[in-house]
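Participant: Here's a structure for you.
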Amino acid sequence: MIALCTKEDLLDGVGKVQKAVSARNTLPVLQGIKISAGGGELLFEATDLELGIRCRVPVNVQEEGVMVLPAALLTELTRRLPEGAVRLEQIENTLHIFYGEANFQINGFDADEFPEFGNMDLEKNFTLDGLQLKQMIRQTIYARAITEDSRAVFSGVLMEKKGGEIRMVCTDTHRLTYVFLPLGEGGSDFRGIIPGKTTVEIQRLLDDDPVNVSFDQAKMIFKFKNLDIMTRLIVGQYPNYESVIPKTCHMKARINTRQLASVVERAALLSRDNSMKMAFVRFKIEGDVLTIDQNNESGSIYEKIEIEQEGDDLQLSFNARYLLDMVKVIDTEHLIMETGGSANASVFRPDGAENYISLVLPMRL
């Protein structure tokens, strides 16, 4: 391998694939990044056997070659290289990196041991708008379960493409997020559970480019710009999310989003050291006013927010973090809260939007 490139070229390739490097696998080659030179480009690849990312960067290739380099060392070196031209030269299993008058050498792994990504052109496919997919992930991913003892299906995001509509759903059994968008006719129908790690990486790397999505029963591939992201799908039965979305409403309130976020943050300060080891907030909704009135040995808080209320007065409590996660992805000035009662799940959505909801179960204190 002999290739002429720049620091920015290396940063682009290494930075985009490094999150797929295995952090726990004992196989040294899976802790590396594969770099292939040929066809006027450098191809960067990394995988943990569940998630794989490829990135193509156009460069001046003078001699083809392939190497697998330790990701941690390569990443740190790339960040610290001076600006300007870089020459990569492979001598046996060592990569010489020339910059200015200097030469940094990295010993690599046997490239034959690096797993192949397999077929990246699957027959079933559909196309998505990049910004729309990024927003859908942002609105749902925070509700996934992240504890190690959770069922695998709750650590991922359900995606459904049916006819002219695309849906994403996420739940940890205490809250649920649901968003749908019109997609237009065409493309294959799909239903599968995408690992949370994959959706986080897709959100990180996406911009406004169209995304080609192809799939089979076991895996899914997202292609956009100079990237291919391959992921294995989570095996399991996702719960019937439509059955838990409330069909009746006894109280509806229109609340200023930023005011709600601020008061919940302040109330949470007084409940962090409780026996349940979680911050909570108590709502009293009565007469077009939302009141937060709670105290502990550290102090007390009493605040009111003027709201627009329809229906019953009620009192209920929530996990404060769940509310704060929810308001972060609501971009409208006001949000709508709907509930069937103090023991029932509450639905929150942006004011004026019907295609997104965040459902939160109340706490029993």
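Ordering of the structure tokens sets the chain letters (A, B, ...), residue numbers begin anew at 1 in every chain, and ligands are numbered from 1 in the order given.
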At most 6 Å is the cut-off: for each residue in stretch 192-291 of chain A with any atom that close to an atom of stretch 309-333 of chain A, write down the nearest atom pair and the distance in Å rounded to one decimal, counting only C-alpha atoms, chain first then increasing number, as JSON lines.
Facilitator:
{"residue": "A:His250", "atom": "CA", "partner": "A:Gly311", "partner_atom": "CA", "distance": 5.6}
{"residue": "A:Met251", "atom": "CA", "partner": "A:Gly311", "partner_atom": "CA", "distance": 4.4}
{"residue": "A:Lys252", "atom": "CA", "partner": "A:Glu310", "partner_atom": "CA", "distance": 5.1}
{"residue": "A:Ala253", "atom": "CA", "partner": "A:Gln309", "partner_atom": "CA", "distance": 4.4}
{"residue": "A:Thr257", "atom": "CA", "partner": "A:Glu333", "partner_atom": "CA", "distance": 5.7}
{"residue": "A:Ala279", "atom": "CA", "partner": "A:Ala320", "partner_atom": "CA", "distance": 5.4}
{"residue": "A:Phe280", "atom": "CA", "partner": "A:Asn319", "partner_atom": "CA", "distance": 4.4}
{"residue": "A:Val281", "atom": "CA", "partner": "A:Phe318", "partner_atom": "CA", "distance": 5.5}
{"residue": "A:Arg282", "atom": "CA", "partner": "A:Ser317", "partner_atom": "CA", "distance": 4.3}
{"residue": "A:Phe283", "atom": "CA", "partner": "A:Leu316", "partner_atom": "CA", "distance": 5.3}
{"residue": "A:Lys284", "atom": "CA", "partner": "A:Gln315", "partner_atom": "CA", "distance": 4.4}
{"residue": "A:Ile285", "atom": "CA", "partner": "A:Leu314", "partner_atom": "CA", "distance": 5.4}
{"residue": "A:Glu286", "atom": "CA", "partner": "A:Asp313", "partner_atom": "CA", "distance": 4.8}
{"residue": "A:Asp288", "atom": "CA", "partner": "A:Gln309", "partner_atom": "CA", "distance": 5.0}
Participant: Could you write those residues out with C-alpha atoms, as a PDB file, in the first residue's frame?
Facilitator:
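After the write, out_5.pdb holds the following:
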ATOM      1  CA  HIS A 250     -60.006  12.885  31.136  1.00  0.00           C
ATOM      2  CA  MET A 251     -57.628  15.841  31.299  1.00  0.00           C
ATOM      3  CA  LYS A 252     -55.843  17.812  28.580  1.00  0.00           C
ATOM      4  CA  ALA A 253     -53.383  20.623  29.242  1.00  0.00           C
ATOM      5  CA  THR A 257     -42.302  23.605  27.196  1.00  0.00           C
ATOM      6  CA  ALA A 279     -35.568  12.081  41.161  1.00  0.00           C
ATOM      7  CA  PHE A 280     -39.317  12.567  40.994  1.00  0.00           C
ATOM      8  CA  VAL A 281     -41.729  15.450  40.604  1.00  0.00           C
ATOM      9  CA  ARG A 282     -45.307  15.863  41.880  1.00  0.00           C
ATOM     10  CA  PHE A 283     -47.891  17.613  39.718  1.00  0.00           C
ATOM     11  CA  LYS A 284     -51.150  19.138  40.929  1.00  0.00           C
ATOM     12  CA  ILE A 285     -53.277  20.319  38.027  1.00  0.00           C
ATOM     13  CA  GLU A 286     -56.255  22.429  39.002  1.00  0.00           C
ATOM     14  CA  ASP A 288     -55.617  26.206  34.715  1.00  0.00           C
TER      15      ASP A 288
END
Participant: Name the residues in contact with A:Phe215 at a cut-off of 8 Å, using only C-alpha atoms, excluding same-chain residues fewer than 4 positions from it; report them as a PyMOL selection string.
Facilitator: chain A and resi 122-125+219-221
Participant: If we count only C-alpha atoms and set the cut-off at 9 Å, which residues sit around A:Phe348, ignoring sequence neighbours fewer than 4 positions away in its own chain? Please answer as a PyMOL selection string.
Facilitator: chain A and resi 326-327+335-339+356-360
Participant: In Å, how far is it from atom CA of A:Thr78 to atom CA of A:Val14?
Facilitator: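 Pair atom CA of A:Thr78 / atom CA of A:Val14 returns 8.0 Å.
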Participant: Would you pick out the contacts of stretch 27-34 of chain A at 10 Å or less, using only C-alpha atoms, so that residues sharing its chain but fewer than 6 positions from it are not included, and give the list as number ranges by chain?
Facilitator: A: 13-14, 17-18, 20-21, 42-49, 54, 66-75, 108-115
Participant: Would you pick out the contacts of A:Arg167 at 12 Å or less, using only C-alpha atoms, so that residues sharing its chain but fewer than 5 positions from it are not included, and give the list as a ChimeraX atom specification?
Facilitator: /A:128,132-133,136-137,139-140,157-162,177-183,189-193,241-242,355-357
Participant: Between A:Ser188, A:Asn107, A:Ser346, A:Ser300, which has the minimum distance to A:Ala268 (counting only C-alpha atoms)?
Facilitator: A:Ser300
Participant: When DSSP works through the backbone of this structure, what residues of stretch 89-221 of chain A end up as strand (DSSP E), shown as a PyMOL selection string?
Facilitator: chain A and resi 89-91+94-99+102-107+124-128+156-162+165-171+175-182+190-195+211-215+219-221
Participant: Only C-alpha atoms, please: the residues just picked out, written as a PDB file, in the first residue's frame.
Facilitator:
ATOM      1  CA  GLU A  89       3.356   3.194   2.994  1.00  0.00           C
ATOM      2  CA  GLN A  90       2.927  -0.462   3.935  1.00  0.00           C
ATOM      3  CA  ILE A  91       6.071  -2.501   4.487  1.00  0.00           C
ATOM      4  CA  THR A  94       3.852  -2.295   9.396  1.00  0.00           C
ATOM      5  CA  LEU A  95       2.313   0.968   8.206  1.00  0.00           C
ATOM      6  CA  HIS A  96       4.732   3.871   7.866  1.00  0.00           C
ATOM      7  CA  ILE A  97       3.017   7.232   8.202  1.00  0.00           C
ATOM      8  CA  PHE A  98       5.155  10.055   6.782  1.00  0.00           C
ATOM      9  CA  TYR A  99       4.315  13.670   7.620  1.00  0.00           C
ATOM     10  CA  ALA A 102       8.765  12.587  10.385  1.00  0.00           C
ATOM     11  CA  ASN A 103       7.849   8.900  10.196  1.00  0.00           C
ATOM     12  CA  PHE A 104       5.449   7.160  12.617  1.00  0.00           C
ATOM     13  CA  GLN A 105       5.209   3.361  12.375  1.00  0.00           C
ATOM     14  CA  ILE A 106       2.279   1.204  13.488  1.00  0.00           C
ATOM     15  CA  ASN A 107       2.394  -2.576  13.565  1.00  0.00           C
ATOM     16  CA  LYS A 124     -35.427  -5.716  -0.391  1.00  0.00           C
ATOM     17  CA  ASN A 125     -35.008  -1.976   0.102  1.00  0.00           C
ATOM     18  CA  PHE A 126     -36.570   1.460   0.471  1.00  0.00           C
ATOM     19  CA  THR A 127     -35.314   5.050   0.630  1.00  0.00           C
ATOM     20  CA  LEU A 128     -35.563   7.630   3.440  1.00  0.00           C
ATOM     21  CA  GLY A 156     -33.520  -1.479  20.464  1.00  0.00           C
ATOM     22  CA  VAL A 157     -35.861   0.560  18.303  1.00  0.00           C
ATOM     23  CA  LEU A 158     -38.713  -0.956  16.347  1.00  0.00           C
ATOM     24  CA  MET A 159     -38.912   0.257  12.748  1.00  0.00           C
ATOM     25  CA  GLU A 160     -41.943  -0.446  10.599  1.00  0.00           C
ATOM     26  CA  LYS A 161     -42.315   0.509   6.953  1.00  0.00           C
ATOM     27  CA  LYS A 162     -45.734  -0.293   5.588  1.00  0.00           C
ATOM     28  CA  GLU A 165     -45.702   5.268   6.062  1.00  0.00           C
ATOM     29  CA  ILE A 166     -42.615   4.751   8.226  1.00  0.00           C
ATOM     30  CA  ARG A 167     -42.837   4.283  12.019  1.00  0.00           C
ATOM     31  CA  MET A 168     -40.334   4.086  14.874  1.00  0.00           C
ATOM     32  CA  VAL A 169     -41.182   2.944  18.393  1.00  0.00           C
ATOM     33  CA  CYS A 170     -39.064   2.642  21.524  1.00  0.00           C
ATOM     34  CA  THR A 171     -39.905   1.577  25.081  1.00  0.00           C
ATOM     35  CA  ARG A 175     -42.212   4.972  28.947  1.00  0.00           C
ATOM     36  CA  LEU A 176     -42.768   4.755  25.222  1.00  0.00           C
ATOM     37  CA  THR A 177     -41.990   6.958  22.250  1.00  0.00           C
ATOM     38  CA  TYR A 178     -43.749   6.696  18.905  1.00  0.00           C
ATOM     39  CA  VAL A 179     -43.312   8.662  15.677  1.00  0.00           C
ATOM     40  CA  PHE A 180     -44.576   8.168  12.139  1.00  0.00           C
ATOM     41  CA  LEU A 181     -44.112   9.983   8.853  1.00  0.00           C
ATOM     42  CA  PRO A 182     -45.559   9.679   5.354  1.00  0.00           C
ATOM     43  CA  PHE A 190     -40.233  -3.907   6.665  1.00  0.00           C
ATOM     44  CA  ARG A 191     -40.607  -4.663  10.380  1.00  0.00           C
ATOM     45  CA  GLY A 192     -37.577  -5.222  12.597  1.00  0.00           C
ATOM     46  CA  ILE A 193     -35.827  -4.219  15.805  1.00  0.00           C
ATOM     47  CA  ILE A 194     -32.658  -2.182  15.280  1.00  0.00           C
ATOM     48  CA  PRO A 195     -30.058  -2.243  18.102  1.00  0.00           C
ATOM     49  CA  VAL A 211     -30.581   7.010   2.817  1.00  0.00           C
ATOM     50  CA  ASN A 212     -30.943   3.703   0.999  1.00  0.00           C
ATOM     51  CA  VAL A 213     -32.105   0.997   3.419  1.00  0.00           C
ATOM     52  CA  SER A 214     -31.847  -2.668   2.420  1.00  0.00           C
ATOM     53  CA  PHE A 215     -32.530  -5.714   4.559  1.00  0.00           C
ATOM     54  CA  LYS A 219     -29.540  -7.775   8.998  1.00  0.00           C
ATOM     55  CA  MET A 220     -30.084  -4.258   7.745  1.00  0.00           C
ATOM     56  CA  ILE A 221     -27.821  -1.949   5.736  1.00  0.00           C
TER      57      ILE A 221
END
Participant: Give the helix (DSSP H, G or I) residues of stretch 112-202 of chain A, as assigned by DSSP on the backbone, as a list in words.
Facilitator: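 Filtering stretch 112-202 of chain A down to helix (DSSP H, G or I) leaves Asp112, Glu113, Gly130, Leu131, Gln132, Leu133, Lys134, Gln135, Met136, Ile137, Arg138, Gln139, Thr140, Ile141, Tyr142, Ala143, Ala152, Val153, Phe154, Ser155, Gly196, Lys197, Thr198, Thr199, Val200, Glu201 and Ile202 of chain A.
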Participant: Please save N, CA and C atoms of the selected residues as a CSV table (one decimal), in the first residue's frame.
Facilitator:
chain,number,residue,atom,x,y,z
A,112,ASP,N,-6.2,-11.0,7.0
A,112,ASP,CA,-7.0,-12.2,6.6
A,112,ASP,C,-8.0,-12.6,7.8
A,113,GLU,N,-7.6,-12.2,9.0
A,113,GLU,CA,-8.5,-12.6,10.1
A,113,GLU,C,-9.6,-11.7,10.4
A,130,GLY,N,-32.6,11.8,4.8
A,130,GLY,CA,-31.7,11.7,5.9
A,130,GLY,C,-32.1,12.5,7.2
A,131,LEU,N,-32.5,13.8,6.9
A,131,LEU,CA,-32.9,14.6,8.1
A,131,LEU,C,-34.1,14.1,8.8
A,132,GLN,N,-35.1,13.5,8.0
A,132,GLN,CA,-36.2,12.9,8.7
A,132,GLN,C,-35.9,11.7,9.5
A,133,LEU,N,-35.0,10.9,9.0
A,133,LEU,CA,-34.6,9.7,9.8
A,133,LEU,C,-33.9,10.2,11.0
A,134,LYS,N,-33.0,11.1,10.9
A,134,LYS,CA,-32.2,11.6,12.1
A,134,LYS,C,-33.2,12.2,13.1
A,135,GLN,N,-34.2,12.9,12.7
A,135,GLN,CA,-35.2,13.4,13.7
A,135,GLN,C,-36.0,12.3,14.3
A,136,MET,N,-36.4,11.3,13.5
A,136,MET,CA,-37.2,10.2,14.1
A,136,MET,C,-36.4,9.5,15.2
A,137,ILE,N,-35.1,9.2,14.9
A,137,ILE,CA,-34.2,8.6,15.9
A,137,ILE,C,-34.1,9.5,17.2
A,138,ARG,N,-33.9,10.7,17.0
A,138,ARG,CA,-33.8,11.7,18.1
A,138,ARG,C,-35.0,11.6,19.0
A,139,GLN,N,-36.2,11.5,18.4
A,139,GLN,CA,-37.4,11.6,19.1
A,139,GLN,C,-37.8,10.3,19.8
A,140,THR,N,-37.1,9.2,19.5
A,140,THR,CA,-37.5,7.9,20.1
A,140,THR,C,-36.4,7.2,20.9
A,141,ILE,N,-35.1,7.4,20.5
A,141,ILE,CA,-34.0,6.5,21.1
A,141,ILE,C,-33.8,6.7,22.6
A,142,TYR,N,-34.2,7.8,23.1
A,142,TYR,CA,-33.9,8.0,24.6
A,142,TYR,C,-34.8,7.1,25.4
A,143,ALA,N,-35.8,6.5,24.9
A,143,ALA,CA,-36.7,5.7,25.7
A,143,ALA,C,-36.3,4.2,25.7
A,152,ALA,N,-33.6,-8.1,25.4
A,152,ALA,CA,-32.9,-7.4,24.2
A,152,ALA,C,-33.8,-6.6,23.4
A,153,VAL,N,-35.1,-6.9,23.2
A,153,VAL,CA,-36.0,-6.2,22.4
A,153,VAL,C,-36.1,-4.7,22.9
A,154,PHE,N,-36.1,-4.6,24.2
A,154,PHE,CA,-36.3,-3.2,24.8
A,154,PHE,C,-35.0,-2.4,24.7
A,155,SER,N,-33.9,-2.9,24.3
A,155,SER,CA,-32.7,-2.1,24.1
A,155,SER,C,-32.6,-1.6,22.7
A,196,GLY,N,-30.0,-0.4,19.7
A,196,GLY,CA,-29.8,1.0,20.1
A,196,GLY,C,-28.5,1.6,19.6
A,197,LYS,N,-27.4,0.8,19.8
A,197,LYS,CA,-26.1,1.3,19.4
A,197,LYS,C,-26.1,1.7,17.9
A,198,THR,N,-26.7,0.9,17.1
A,198,THR,CA,-26.8,1.3,15.6
A,198,THR,C,-27.5,2.6,15.4
A,199,THR,N,-28.7,2.7,16.0
A,199,THR,CA,-29.4,4.0,15.8
A,199,THR,C,-28.7,5.2,16.3
A,200,VAL,N,-27.9,5.1,17.4
A,200,VAL,CA,-27.1,6.2,17.9
A,200,VAL,C,-26.1,6.6,16.8
A,201,GLU,N,-25.4,5.6,16.2
A,201,GLU,CA,-24.4,5.9,15.3
A,201,GLU,C,-25.0,6.4,14.0
A,202,ILE,N,-26.1,5.9,13.6
A,202,ILE,CA,-26.8,6.5,12.4
A,202,ILE,C,-27.1,8.0,12.6
Participant: Atom CA of A:Glu83 and atom CA of A:Gln203, how far apart in Å?
Facilitator: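 Computing the Euclidean distance for atom CA of A:Gln203 and atom CA of A:Glu83 yields 28.2 Å.
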Participant: Between A:Arg364, A:Asp228, A:Asp129, A:Thr26, which one has atoms that come closest to A:Pro210, using only C-alpha atoms?
Facilitator: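 Of all the options, A:Asp129 lies closest to A:Pro210.
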Participant: Suppose you want the space between atom CA of A:Val263 and atom CA of A:Leu290; what is it in Å?
Facilitator: 10.5 Å
Participant: Need the shell around A:Asp293: protein/DNA/RNA residues with any atom at most 7 Å away, counting only C-alpha atoms. Skip same-chain ones fewer than 3 positions apart. Format as number ranges by chain?
Facilitator: A: 282, 301-303
